[in-house]
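For reference, final20.cif is printed below; it contains mmCIF, N, CA and C atoms.
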```cif
data_my_file
loop_
_atom_site.label_atom_id
_atom_site.label_comp_id
_atom_site.auth_asym_id
_atom_site.auth_seq_id
_atom_site.Cartn_x
_atom_site.Cartn_y
_atom_site.Cartn_z
N MET A 1 -139.15 -40.09 114.35
CA MET A 1 -139.56 -38.74 114.03
C MET A 1 -138.61 -38.17 112.99
N TRP A 2 -139.18 -37.47 112.06
CA TRP A 2 -138.44 -36.65 111.10
C TRP A 2 -139.03 -35.25 111.17
N HIS A 3 -138.18 -34.26 111.18
CA HIS A 3 -138.63 -32.87 111.17
C HIS A 3 -137.62 -32.05 110.40
N GLN A 4 -138.13 -31.18 109.54
CA GLN A 4 -137.23 -30.33 108.76
C GLN A 4 -137.76 -28.91 108.76
N GLN A 5 -136.83 -27.96 108.91
CA GLN A 5 -137.21 -26.56 108.84
C GLN A 5 -136.02 -25.75 108.32
N THR A 6 -136.32 -24.60 107.77
CA THR A 6 -135.29 -23.70 107.28
C THR A 6 -135.09 -22.58 108.29
N LEU A 7 -133.84 -22.40 108.70
CA LEU A 7 -133.48 -21.35 109.65
C LEU A 7 -132.87 -20.20 108.86
N THR A 8 -133.23 -18.97 109.21
CA THR A 8 -132.63 -17.80 108.58
C THR A 8 -131.78 -17.09 109.61
N LEU A 9 -130.51 -16.91 109.27
CA LEU A 9 -129.57 -16.21 110.13
C LEU A 9 -129.41 -14.78 109.62
N SER A 10 -129.33 -13.84 110.52
CA SER A 10 -129.14 -12.45 110.13
C SER A 10 -127.77 -12.27 109.49
N ALA A 11 -127.65 -11.21 108.69
CA ALA A 11 -126.38 -10.90 108.03
C ALA A 11 -125.31 -10.64 109.09
N ARG A 12 -124.12 -11.10 108.80
CA ARG A 12 -122.99 -10.93 109.72
C ARG A 12 -121.79 -10.38 108.96
N ALA A 13 -120.89 -9.79 109.73
CA ALA A 13 -119.64 -9.31 109.15
C ALA A 13 -118.80 -10.49 108.69
N ARG A 14 -117.87 -10.21 107.84
CA ARG A 14 -116.94 -11.24 107.40
C ARG A 14 -116.19 -11.79 108.62
N GLY A 15 -115.99 -13.11 108.65
CA GLY A 15 -115.30 -13.76 109.75
C GLY A 15 -116.04 -15.00 110.20
N PHE A 16 -115.63 -15.53 111.34
CA PHE A 16 -116.24 -16.74 111.89
C PHE A 16 -117.08 -16.37 113.10
N HIS A 17 -118.28 -16.94 113.15
CA HIS A 17 -119.26 -16.57 114.18
C HIS A 17 -119.81 -17.82 114.85
N LEU A 18 -119.86 -17.80 116.18
CA LEU A 18 -120.43 -18.89 116.95
C LEU A 18 -121.95 -18.78 116.89
N ILE A 19 -122.60 -19.81 116.35
CA ILE A 19 -124.05 -19.74 116.13
C ILE A 19 -124.81 -20.89 116.80
N THR A 20 -124.16 -21.63 117.68
CA THR A 20 -124.80 -22.79 118.30
C THR A 20 -126.12 -22.43 118.97
N ASP A 21 -126.12 -21.43 119.83
CA ASP A 21 -127.35 -21.08 120.56
C ASP A 21 -128.44 -20.57 119.63
N GLU A 22 -128.06 -19.82 118.61
CA GLU A 22 -129.06 -19.32 117.66
C GLU A 22 -129.71 -20.48 116.91
N VAL A 23 -128.89 -21.43 116.46
CA VAL A 23 -129.43 -22.58 115.73
C VAL A 23 -130.33 -23.42 116.63
N THR A 24 -129.84 -23.81 117.80
CA THR A 24 -130.64 -24.67 118.68
C THR A 24 -131.89 -23.94 119.18
N GLY A 25 -131.80 -22.64 119.37
CA GLY A 25 -132.96 -21.87 119.81
C GLY A 25 -134.07 -21.79 118.78
N LYS A 26 -133.74 -21.99 117.52
CA LYS A 26 -134.74 -21.93 116.45
C LYS A 26 -135.30 -23.29 116.07
N LEU A 27 -134.74 -24.36 116.64
CA LEU A 27 -135.20 -25.71 116.28
C LEU A 27 -136.43 -26.08 117.10
N ASP A 28 -137.57 -26.04 116.46
CA ASP A 28 -138.85 -26.24 117.12
C ASP A 28 -138.96 -27.57 117.87
N ARG A 29 -138.39 -28.64 117.32
CA ARG A 29 -138.65 -29.96 117.88
C ARG A 29 -137.42 -30.64 118.49
N LEU A 30 -136.33 -29.91 118.65
CA LEU A 30 -135.12 -30.49 119.21
C LEU A 30 -135.36 -31.11 120.59
N ALA A 31 -136.09 -30.43 121.44
CA ALA A 31 -136.32 -30.89 122.81
C ALA A 31 -137.10 -32.21 122.86
N GLN A 32 -137.81 -32.55 121.79
CA GLN A 32 -138.60 -33.79 121.75
C GLN A 32 -137.76 -35.03 121.42
N LEU A 33 -136.54 -34.82 120.94
CA LEU A 33 -135.71 -35.93 120.47
C LEU A 33 -134.93 -36.55 121.63
N GLU A 34 -135.15 -37.85 121.86
CA GLU A 34 -134.41 -38.57 122.89
C GLU A 34 -133.02 -38.95 122.37
N THR A 35 -132.99 -39.59 121.23
CA THR A 35 -131.74 -39.99 120.59
C THR A 35 -131.89 -39.78 119.10
N GLY A 36 -130.92 -39.12 118.49
CA GLY A 36 -131.04 -38.90 117.05
C GLY A 36 -129.91 -38.08 116.49
N LEU A 37 -130.18 -37.48 115.34
CA LEU A 37 -129.20 -36.69 114.61
C LEU A 37 -129.81 -35.38 114.14
N LEU A 38 -128.98 -34.38 114.10
CA LEU A 38 -129.34 -33.10 113.48
C LEU A 38 -128.39 -32.91 112.31
N HIS A 39 -128.96 -32.76 111.12
CA HIS A 39 -128.16 -32.45 109.94
C HIS A 39 -128.43 -31.00 109.57
N LEU A 40 -127.36 -30.24 109.36
CA LEU A 40 -127.45 -28.83 108.97
C LEU A 40 -126.83 -28.67 107.59
N LEU A 41 -127.55 -28.03 106.67
CA LEU A 41 -127.04 -27.74 105.34
C LEU A 41 -127.16 -26.24 105.09
N LEU A 42 -126.04 -25.58 104.94
CA LEU A 42 -126.00 -24.16 104.61
C LEU A 42 -126.26 -24.02 103.12
N MET A 43 -127.24 -23.22 102.76
CA MET A 43 -127.70 -23.12 101.37
C MET A 43 -126.96 -22.04 100.58
N HIS A 44 -125.65 -21.97 100.75
CA HIS A 44 -124.86 -20.93 100.10
C HIS A 44 -123.49 -21.47 99.70
N THR A 45 -122.88 -20.84 98.69
CA THR A 45 -121.58 -21.29 98.19
C THR A 45 -120.44 -20.35 98.58
N SER A 46 -120.73 -19.33 99.38
CA SER A 46 -119.68 -18.40 99.78
C SER A 46 -119.59 -18.24 101.30
N ALA A 47 -120.09 -19.23 102.01
CA ALA A 47 -120.01 -19.28 103.46
C ALA A 47 -119.81 -20.75 103.84
N SER A 48 -119.59 -21.03 105.11
CA SER A 48 -119.34 -22.41 105.52
C SER A 48 -119.86 -22.66 106.93
N LEU A 49 -119.95 -23.95 107.26
CA LEU A 49 -120.26 -24.40 108.61
C LEU A 49 -119.11 -25.28 109.07
N THR A 50 -118.73 -25.13 110.32
CA THR A 50 -117.72 -26.01 110.90
C THR A 50 -117.95 -26.10 112.40
N LEU A 51 -117.35 -27.08 113.01
CA LEU A 51 -117.46 -27.30 114.45
C LEU A 51 -116.09 -27.03 115.06
N ASN A 52 -116.03 -26.11 116.03
CA ASN A 52 -114.74 -25.76 116.60
C ASN A 52 -114.93 -25.08 117.95
N GLU A 53 -113.90 -24.43 118.44
CA GLU A 53 -113.82 -23.78 119.76
C GLU A 53 -115.04 -22.90 120.06
N ASN A 54 -115.66 -23.12 121.20
CA ASN A 54 -116.87 -22.36 121.54
C ASN A 54 -116.65 -21.32 122.64
N CYS A 55 -115.43 -21.14 123.08
CA CYS A 55 -115.20 -20.26 124.23
C CYS A 55 -114.36 -19.04 123.89
N ASP A 56 -113.16 -19.23 123.44
CA ASP A 56 -112.23 -18.13 123.21
C ASP A 56 -112.41 -17.54 121.81
N PRO A 57 -112.91 -16.31 121.70
CA PRO A 57 -113.14 -15.71 120.37
C PRO A 57 -111.87 -15.45 119.58
N THR A 58 -110.70 -15.47 120.23
CA THR A 58 -109.47 -15.27 119.47
C THR A 58 -109.20 -16.43 118.51
N VAL A 59 -109.76 -17.61 118.80
CA VAL A 59 -109.61 -18.73 117.88
C VAL A 59 -110.31 -18.40 116.56
N ARG A 60 -111.50 -17.82 116.63
CA ARG A 60 -112.22 -17.45 115.41
C ARG A 60 -111.47 -16.37 114.64
N ALA A 61 -110.90 -15.41 115.34
CA ALA A 61 -110.11 -14.35 114.69
C ALA A 61 -108.86 -14.95 114.03
N ASP A 62 -108.17 -15.84 114.73
CA ASP A 62 -106.99 -16.48 114.15
C ASP A 62 -107.36 -17.30 112.92
N MET A 63 -108.51 -17.97 112.96
CA MET A 63 -108.95 -18.75 111.81
C MET A 63 -109.18 -17.83 110.60
N GLU A 64 -109.81 -16.70 110.82
CA GLU A 64 -110.04 -15.75 109.74
C GLU A 64 -108.72 -15.27 109.15
N HIS A 65 -107.77 -14.93 110.00
CA HIS A 65 -106.46 -14.47 109.53
C HIS A 65 -105.74 -15.56 108.73
N HIS A 66 -105.86 -16.80 109.19
CA HIS A 66 -105.25 -17.92 108.47
C HIS A 66 -105.81 -18.01 107.05
N PHE A 67 -107.12 -17.99 106.92
CA PHE A 67 -107.73 -18.13 105.60
C PHE A 67 -107.48 -16.92 104.71
N LEU A 68 -107.35 -15.74 105.28
CA LEU A 68 -107.00 -14.57 104.47
C LEU A 68 -105.60 -14.74 103.85
N ARG A 69 -104.68 -15.35 104.59
CA ARG A 69 -103.33 -15.60 104.06
C ARG A 69 -103.34 -16.75 103.05
N GLN A 70 -104.06 -17.82 103.37
CA GLN A 70 -104.03 -19.02 102.53
C GLN A 70 -104.84 -18.89 101.24
N VAL A 71 -105.89 -18.08 101.27
CA VAL A 71 -106.75 -17.90 100.10
C VAL A 71 -106.89 -16.39 99.87
N PRO A 72 -105.87 -15.77 99.29
CA PRO A 72 -105.86 -14.32 99.16
C PRO A 72 -106.84 -13.80 98.10
N GLU A 73 -107.29 -12.59 98.29
CA GLU A 73 -108.21 -11.97 97.33
C GLU A 73 -107.49 -11.49 96.09
N ASN A 74 -106.21 -11.24 96.17
CA ASN A 74 -105.50 -10.64 95.04
C ASN A 74 -104.88 -11.67 94.10
N ALA A 75 -105.29 -12.92 94.19
CA ALA A 75 -104.79 -13.95 93.28
C ALA A 75 -105.44 -13.76 91.90
N ASP A 76 -104.91 -14.44 90.92
CA ASP A 76 -105.37 -14.29 89.54
C ASP A 76 -106.54 -15.25 89.27
N TYR A 77 -107.71 -14.92 89.79
CA TYR A 77 -108.90 -15.76 89.60
C TYR A 77 -109.61 -15.38 88.31
N GLN A 78 -110.14 -16.37 87.60
CA GLN A 78 -110.95 -16.09 86.42
C GLN A 78 -112.34 -15.59 86.82
N HIS A 79 -112.89 -16.19 87.88
CA HIS A 79 -114.22 -15.81 88.36
C HIS A 79 -114.05 -14.58 89.27
N ASP A 80 -114.20 -13.40 88.68
CA ASP A 80 -113.96 -12.19 89.46
C ASP A 80 -115.02 -11.11 89.27
N TYR A 81 -116.06 -11.38 88.51
CA TYR A 81 -117.05 -10.34 88.21
C TYR A 81 -117.99 -10.04 89.38
N GLU A 82 -117.97 -10.84 90.44
CA GLU A 82 -118.80 -10.55 91.62
C GLU A 82 -118.00 -9.90 92.74
N GLY A 83 -116.79 -9.48 92.43
CA GLY A 83 -115.96 -8.81 93.42
C GLY A 83 -114.77 -9.65 93.83
N PRO A 84 -113.75 -9.03 94.39
CA PRO A 84 -112.52 -9.74 94.74
C PRO A 84 -112.68 -10.73 95.90
N ASP A 85 -113.74 -10.61 96.68
CA ASP A 85 -113.93 -11.55 97.79
C ASP A 85 -114.75 -12.77 97.40
N ASP A 86 -115.30 -12.81 96.17
CA ASP A 86 -116.23 -13.89 95.81
C ASP A 86 -115.53 -15.22 95.57
N MET A 87 -114.56 -15.27 94.68
CA MET A 87 -113.90 -16.55 94.40
C MET A 87 -113.17 -17.09 95.63
N PRO A 88 -112.47 -16.25 96.40
CA PRO A 88 -111.89 -16.79 97.64
C PRO A 88 -112.96 -17.35 98.58
N ALA A 89 -114.14 -16.74 98.60
CA ALA A 89 -115.23 -17.25 99.44
C ALA A 89 -115.67 -18.64 98.99
N HIS A 90 -115.73 -18.88 97.68
CA HIS A 90 -116.10 -20.20 97.17
C HIS A 90 -115.05 -21.25 97.58
N ILE A 91 -113.79 -20.88 97.50
CA ILE A 91 -112.72 -21.82 97.88
C ILE A 91 -112.82 -22.16 99.37
N LYS A 92 -112.99 -21.15 100.22
CA LYS A 92 -113.09 -21.38 101.66
C LYS A 92 -114.31 -22.25 101.99
N SER A 93 -115.41 -21.99 101.29
CA SER A 93 -116.62 -22.78 101.50
C SER A 93 -116.37 -24.25 101.17
N SER A 94 -115.66 -24.50 100.07
CA SER A 94 -115.37 -25.89 99.70
C SER A 94 -114.38 -26.54 100.67
N LEU A 95 -113.42 -25.79 101.13
CA LEU A 95 -112.44 -26.35 102.07
C LEU A 95 -113.07 -26.73 103.41
N LEU A 96 -113.94 -25.87 103.93
CA LEU A 96 -114.54 -26.11 105.24
C LEU A 96 -115.84 -26.91 105.16
N GLY A 97 -116.58 -26.75 104.09
CA GLY A 97 -117.83 -27.47 103.92
C GLY A 97 -119.04 -26.66 104.31
N VAL A 98 -120.20 -27.14 103.91
CA VAL A 98 -121.46 -26.44 104.16
C VAL A 98 -122.45 -27.28 104.94
N SER A 99 -122.00 -28.40 105.51
CA SER A 99 -122.94 -29.23 106.27
C SER A 99 -122.26 -29.83 107.50
N LEU A 100 -123.10 -30.11 108.48
CA LEU A 100 -122.68 -30.80 109.70
C LEU A 100 -123.75 -31.82 110.06
N THR A 101 -123.34 -32.95 110.59
CA THR A 101 -124.25 -33.93 111.16
C THR A 101 -123.83 -34.12 112.62
N LEU A 102 -124.76 -33.82 113.52
CA LEU A 102 -124.45 -33.79 114.95
C LEU A 102 -125.38 -34.71 115.73
N PRO A 103 -124.87 -35.41 116.74
CA PRO A 103 -125.73 -36.28 117.54
C PRO A 103 -126.59 -35.46 118.51
N VAL A 104 -127.77 -36.01 118.78
CA VAL A 104 -128.70 -35.42 119.73
C VAL A 104 -129.00 -36.47 120.79
N GLN A 105 -128.98 -36.03 122.07
CA GLN A 105 -129.31 -36.92 123.18
C GLN A 105 -130.09 -36.13 124.21
N HIS A 106 -131.21 -36.67 124.63
CA HIS A 106 -132.07 -36.04 125.65
C HIS A 106 -132.42 -34.60 125.27
N GLY A 107 -132.73 -34.37 123.99
CA GLY A 107 -133.20 -33.06 123.54
C GLY A 107 -132.13 -32.00 123.37
N LYS A 108 -130.85 -32.39 123.43
CA LYS A 108 -129.75 -31.43 123.29
C LYS A 108 -128.68 -31.98 122.36
N LEU A 109 -127.94 -31.07 121.74
CA LEU A 109 -126.81 -31.51 120.94
C LEU A 109 -125.77 -32.15 121.85
N LEU A 110 -125.19 -33.23 121.39
CA LEU A 110 -124.17 -33.94 122.15
C LEU A 110 -122.82 -33.53 121.57
N LEU A 111 -122.27 -32.45 122.13
CA LEU A 111 -121.02 -31.88 121.66
C LEU A 111 -119.95 -31.98 122.74
N GLY A 112 -118.70 -31.89 122.33
CA GLY A 112 -117.60 -31.84 123.28
C GLY A 112 -117.67 -30.54 124.08
N THR A 113 -117.00 -30.53 125.22
CA THR A 113 -117.04 -29.38 126.13
C THR A 113 -116.74 -28.06 125.43
N TRP A 114 -115.79 -28.06 124.53
CA TRP A 114 -115.35 -26.81 123.90
C TRP A 114 -115.78 -26.71 122.44
N GLN A 115 -116.79 -27.48 122.04
CA GLN A 115 -117.23 -27.45 120.64
C GLN A 115 -118.47 -26.59 120.46
N GLY A 116 -118.48 -25.85 119.36
CA GLY A 116 -119.63 -25.06 118.99
C GLY A 116 -119.74 -24.98 117.48
N ILE A 117 -120.93 -24.65 117.00
CA ILE A 117 -121.17 -24.51 115.56
C ILE A 117 -120.74 -23.11 115.14
N TRP A 118 -119.93 -23.06 114.11
CA TRP A 118 -119.48 -21.79 113.55
C TRP A 118 -120.08 -21.58 112.17
N LEU A 119 -120.48 -20.35 111.90
CA LEU A 119 -120.74 -19.90 110.54
C LEU A 119 -119.50 -19.17 110.07
N GLY A 120 -118.94 -19.59 108.97
CA GLY A 120 -117.85 -18.85 108.34
C GLY A 120 -118.44 -17.94 107.28
N GLU A 121 -118.44 -16.67 107.53
CA GLU A 121 -118.92 -15.70 106.53
C GLU A 121 -117.71 -15.24 105.75
N HIS A 122 -117.64 -15.61 104.48
CA HIS A 122 -116.45 -15.36 103.67
C HIS A 122 -116.60 -14.18 102.71
N ARG A 123 -117.74 -13.54 102.71
CA ARG A 123 -117.94 -12.35 101.87
C ARG A 123 -117.94 -11.11 102.74
N ASN A 124 -117.59 -9.99 102.14
CA ASN A 124 -117.64 -8.72 102.86
C ASN A 124 -119.08 -8.32 103.17
N HIS A 125 -119.99 -8.64 102.27
CA HIS A 125 -121.42 -8.33 102.46
C HIS A 125 -122.23 -9.56 102.03
N GLY A 126 -122.19 -10.59 102.83
CA GLY A 126 -122.83 -11.85 102.47
C GLY A 126 -124.35 -11.84 102.61
N GLY A 127 -124.87 -11.03 103.48
CA GLY A 127 -126.32 -10.99 103.68
C GLY A 127 -126.81 -12.11 104.57
N GLN A 128 -128.13 -12.25 104.62
CA GLN A 128 -128.74 -13.32 105.41
C GLN A 128 -128.30 -14.67 104.88
N ARG A 129 -128.22 -15.64 105.76
CA ARG A 129 -127.86 -17.01 105.37
C ARG A 129 -128.95 -17.96 105.82
N ARG A 130 -129.22 -18.95 104.98
CA ARG A 130 -130.27 -19.94 105.29
C ARG A 130 -129.63 -21.31 105.52
N ILE A 131 -130.16 -22.00 106.52
CA ILE A 131 -129.71 -23.35 106.85
C ILE A 131 -130.94 -24.26 106.89
N VAL A 132 -130.89 -25.36 106.15
CA VAL A 132 -131.93 -26.38 106.26
C VAL A 132 -131.51 -27.33 107.37
N ALA A 133 -132.33 -27.43 108.39
CA ALA A 133 -132.06 -28.28 109.55
C ALA A 133 -133.00 -29.48 109.49
N THR A 134 -132.43 -30.68 109.55
CA THR A 134 -133.21 -31.91 109.51
C THR A 134 -132.92 -32.71 110.78
N LEU A 135 -133.97 -32.93 111.57
CA LEU A 135 -133.88 -33.75 112.77
C LEU A 135 -134.44 -35.14 112.47
N GLN A 136 -133.77 -36.17 112.95
CA GLN A 136 -134.32 -37.51 112.85
C GLN A 136 -133.94 -38.28 114.10
N GLY A 137 -134.84 -39.14 114.55
CA GLY A 137 -134.53 -39.96 115.71
C GLY A 137 -135.76 -40.37 116.48
N GLU A 138 -135.52 -40.87 117.68
CA GLU A 138 -136.58 -41.35 118.57
C GLU A 138 -137.02 -40.22 119.49
N THR A 139 -138.31 -40.04 119.64
CA THR A 139 -138.83 -39.01 120.53
C THR A 139 -138.94 -39.53 121.95
N GLN A 140 -139.05 -38.58 122.89
CA GLN A 140 -139.16 -38.91 124.31
C GLN A 140 -140.52 -39.46 124.66
#
```

What do you get writing this file as structure tokens?
Amino acid sequence: MWHQQTLTLSARARGFHLITDEVTGKLDRLAQLETGLLHLLLMHTSASLTLNENCDPTVRADMEHHFLRQVPENADYQHDYEGPDDMPAHIKSSLLGVSLTLPVQHGKLLLGTWQGIWLGEHRNHGGQRRIVATLQGETQ
């Protein structure tokens, strides 16, 4: 089976957001997959996807603070006409990446106990975000 759909996520504040349930809840055919893979591609250059802590929200806050220090807005960027948060957002997106490939077993993502999908929103006003989700594998 192959299945592909585009998921639209509502606009979020700047920071890291746990989106595992929202993503899996929108996947029409996930439950039909016995064994396979889910590939997620975020269709934006100023946000990111990563897999990390799914329980303690202070981890997401600490991650945001880390990236604010490591990729400051007040650096001397040439690309600055879209605002001071734009070029740092591109750098963060490249560092963390915009895609994930995750195993699926018995209709569910096969993740570690404390793993969840994060959206890194790196703009102050990023707006809605789109993810192309591609499922492949054997059906039940």

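Atom pair atom CA of Asn74 of chain A / atom CA of Val98 of chain A: separated by 24.2 Å.
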
Atom N of Ile19 of chain A to atom N of Leu96 of chain A, straight-line distance in Å |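 Computed distance, atom N of Leu96 of chain A to atom N of Ile19 of chain A, equals 16.3 Å.
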
Apply the PyMOL selection byres ((chain A and resi 84) around 8) to the file shown and report the selected residues as an MDAnalysis selection string.
chainID A and resid 72:75 79:83 85:89 124

Ground truth for the PyMOL selection byres ((chain A and resi 57-68) around 8), written as an mmCIF file with N, CA and C atoms, in the coordinates of the input:
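Just written: expr_24.cif:
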```cif
data_model
loop_
_atom_site.group_PDB
_atom_site.id
_atom_site.type_symbol
_atom_site.label_atom_id
_atom_site.label_comp_id
_atom_site.auth_asym_id
_atom_site.auth_seq_id
_atom_site.Cartn_x
_atom_site.Cartn_y
_atom_site.Cartn_z
ATOM 1 N N ARG A 14 -117.870 -10.210 107.840
ATOM 2 C CA ARG A 14 -116.940 -11.240 107.400
ATOM 3 C C ARG A 14 -116.190 -11.790 108.620
ATOM 4 N N GLY A 15 -115.990 -13.110 108.650
ATOM 5 C CA GLY A 15 -115.300 -13.760 109.750
ATOM 6 C C GLY A 15 -116.040 -15.000 110.200
ATOM 7 N N PHE A 16 -115.630 -15.530 111.340
ATOM 8 C CA PHE A 16 -116.240 -16.740 111.890
ATOM 9 C C PHE A 16 -117.080 -16.370 113.100
ATOM 10 N N HIS A 17 -118.280 -16.940 113.150
ATOM 11 C CA HIS A 17 -119.260 -16.570 114.180
ATOM 12 C C HIS A 17 -119.810 -17.820 114.850
ATOM 13 N N LEU A 18 -119.860 -17.800 116.180
ATOM 14 C CA LEU A 18 -120.430 -18.890 116.950
ATOM 15 C C LEU A 18 -121.950 -18.780 116.890
ATOM 16 N N GLU A 53 -113.900 -24.430 118.440
ATOM 17 C CA GLU A 53 -113.820 -23.780 119.760
ATOM 18 C C GLU A 53 -115.040 -22.900 120.060
ATOM 19 N N ASN A 54 -115.660 -23.120 121.200
ATOM 20 C CA ASN A 54 -116.870 -22.360 121.540
ATOM 21 C C ASN A 54 -116.650 -21.320 122.640
ATOM 22 N N CYS A 55 -115.430 -21.140 123.080
ATOM 23 C CA CYS A 55 -115.200 -20.260 124.230
ATOM 24 C C CYS A 55 -114.360 -19.040 123.890
ATOM 25 N N ASP A 56 -113.160 -19.230 123.440
ATOM 26 C CA ASP A 56 -112.230 -18.130 123.210
ATOM 27 C C ASP A 56 -112.410 -17.540 121.810
ATOM 28 N N ARG A 69 -104.680 -15.350 104.590
ATOM 29 C CA ARG A 69 -103.330 -15.600 104.060
ATOM 30 C C ARG A 69 -103.340 -16.750 103.050
ATOM 31 N N GLN A 70 -104.060 -17.820 103.370
ATOM 32 C CA GLN A 70 -104.030 -19.020 102.530
ATOM 33 C C GLN A 70 -104.840 -18.890 101.240
ATOM 34 N N VAL A 71 -105.890 -18.080 101.270
ATOM 35 C CA VAL A 71 -106.750 -17.900 100.100
ATOM 36 C C VAL A 71 -106.890 -16.390 99.870
ATOM 37 N N PRO A 72 -105.870 -15.770 99.290
ATOM 38 C CA PRO A 72 -105.860 -14.320 99.160
ATOM 39 C C PRO A 72 -106.840 -13.800 98.100
ATOM 40 N N GLU A 73 -107.290 -12.590 98.290
ATOM 41 C CA GLU A 73 -108.210 -11.970 97.330
ATOM 42 C C GLU A 73 -107.490 -11.490 96.090
ATOM 43 N N LYS A 92 -112.990 -21.150 100.220
ATOM 44 C CA LYS A 92 -113.090 -21.380 101.660
ATOM 45 C C LYS A 92 -114.310 -22.250 101.990
#
```

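Here atom CA of Ile131 of chain A and atom CA of His3 of chain A stand 13.7 Å from one another.
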
Practice task
Identify all residues satisfying the PyMOL selection byres (((chain A and resi 139 and name CA) around 8) and name CA) in the given file; provide them as a ChimeraX atom specification.
Solution key: /A:1,32-35,137-138,140

May I have the residues from that selection written out with N, CA and C atoms, as a PDB file, in the frame of the given file?
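Contents of the output file result-v3.pdb:
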```pdb
ATOM      1  N   MET A   1    -139.150 -40.090 114.350  1.00  0.00           N
ATOM      2  CA  MET A   1    -139.560 -38.740 114.030  1.00  0.00           C
ATOM      3  C   MET A   1    -138.610 -38.170 112.990  1.00  0.00           C
ATOM      4  N   GLN A  32    -137.810 -32.550 121.790  1.00  0.00           N
ATOM      5  CA  GLN A  32    -138.600 -33.790 121.750  1.00  0.00           C
ATOM      6  C   GLN A  32    -137.760 -35.030 121.420  1.00  0.00           C
ATOM      7  N   LEU A  33    -136.540 -34.820 120.940  1.00  0.00           N
ATOM      8  CA  LEU A  33    -135.710 -35.930 120.470  1.00  0.00           C
ATOM      9  C   LEU A  33    -134.930 -36.550 121.630  1.00  0.00           C
ATOM     10  N   GLU A  34    -135.150 -37.850 121.860  1.00  0.00           N
ATOM     11  CA  GLU A  34    -134.410 -38.570 122.890  1.00  0.00           C
ATOM     12  C   GLU A  34    -133.020 -38.950 122.370  1.00  0.00           C
ATOM     13  N   THR A  35    -132.990 -39.590 121.230  1.00  0.00           N
ATOM     14  CA  THR A  35    -131.740 -39.990 120.590  1.00  0.00           C
ATOM     15  C   THR A  35    -131.890 -39.780 119.100  1.00  0.00           C
ATOM     16  N   GLY A 137    -134.840 -39.140 114.550  1.00  0.00           N
ATOM     17  CA  GLY A 137    -134.530 -39.960 115.710  1.00  0.00           C
ATOM     18  C   GLY A 137    -135.760 -40.370 116.480  1.00  0.00           C
ATOM     19  N   GLU A 138    -135.520 -40.870 117.680  1.00  0.00           N
ATOM     20  CA  GLU A 138    -136.580 -41.350 118.570  1.00  0.00           C
ATOM     21  C   GLU A 138    -137.020 -40.220 119.490  1.00  0.00           C
ATOM     22  N   GLN A 140    -139.050 -38.580 122.890  1.00  0.00           N
ATOM     23  CA  GLN A 140    -139.160 -38.910 124.310  1.00  0.00           C
ATOM     24  C   GLN A 140    -140.520 -39.460 124.660  1.00  0.00           C
TER      25      GLN A 140
END
```

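Proximity of A:Leu9, A:Leu37, A:Leu111, A:Leu27 to Leu135 of chain A, computed with only N, CA and C atoms, is greatest for A:Leu37.
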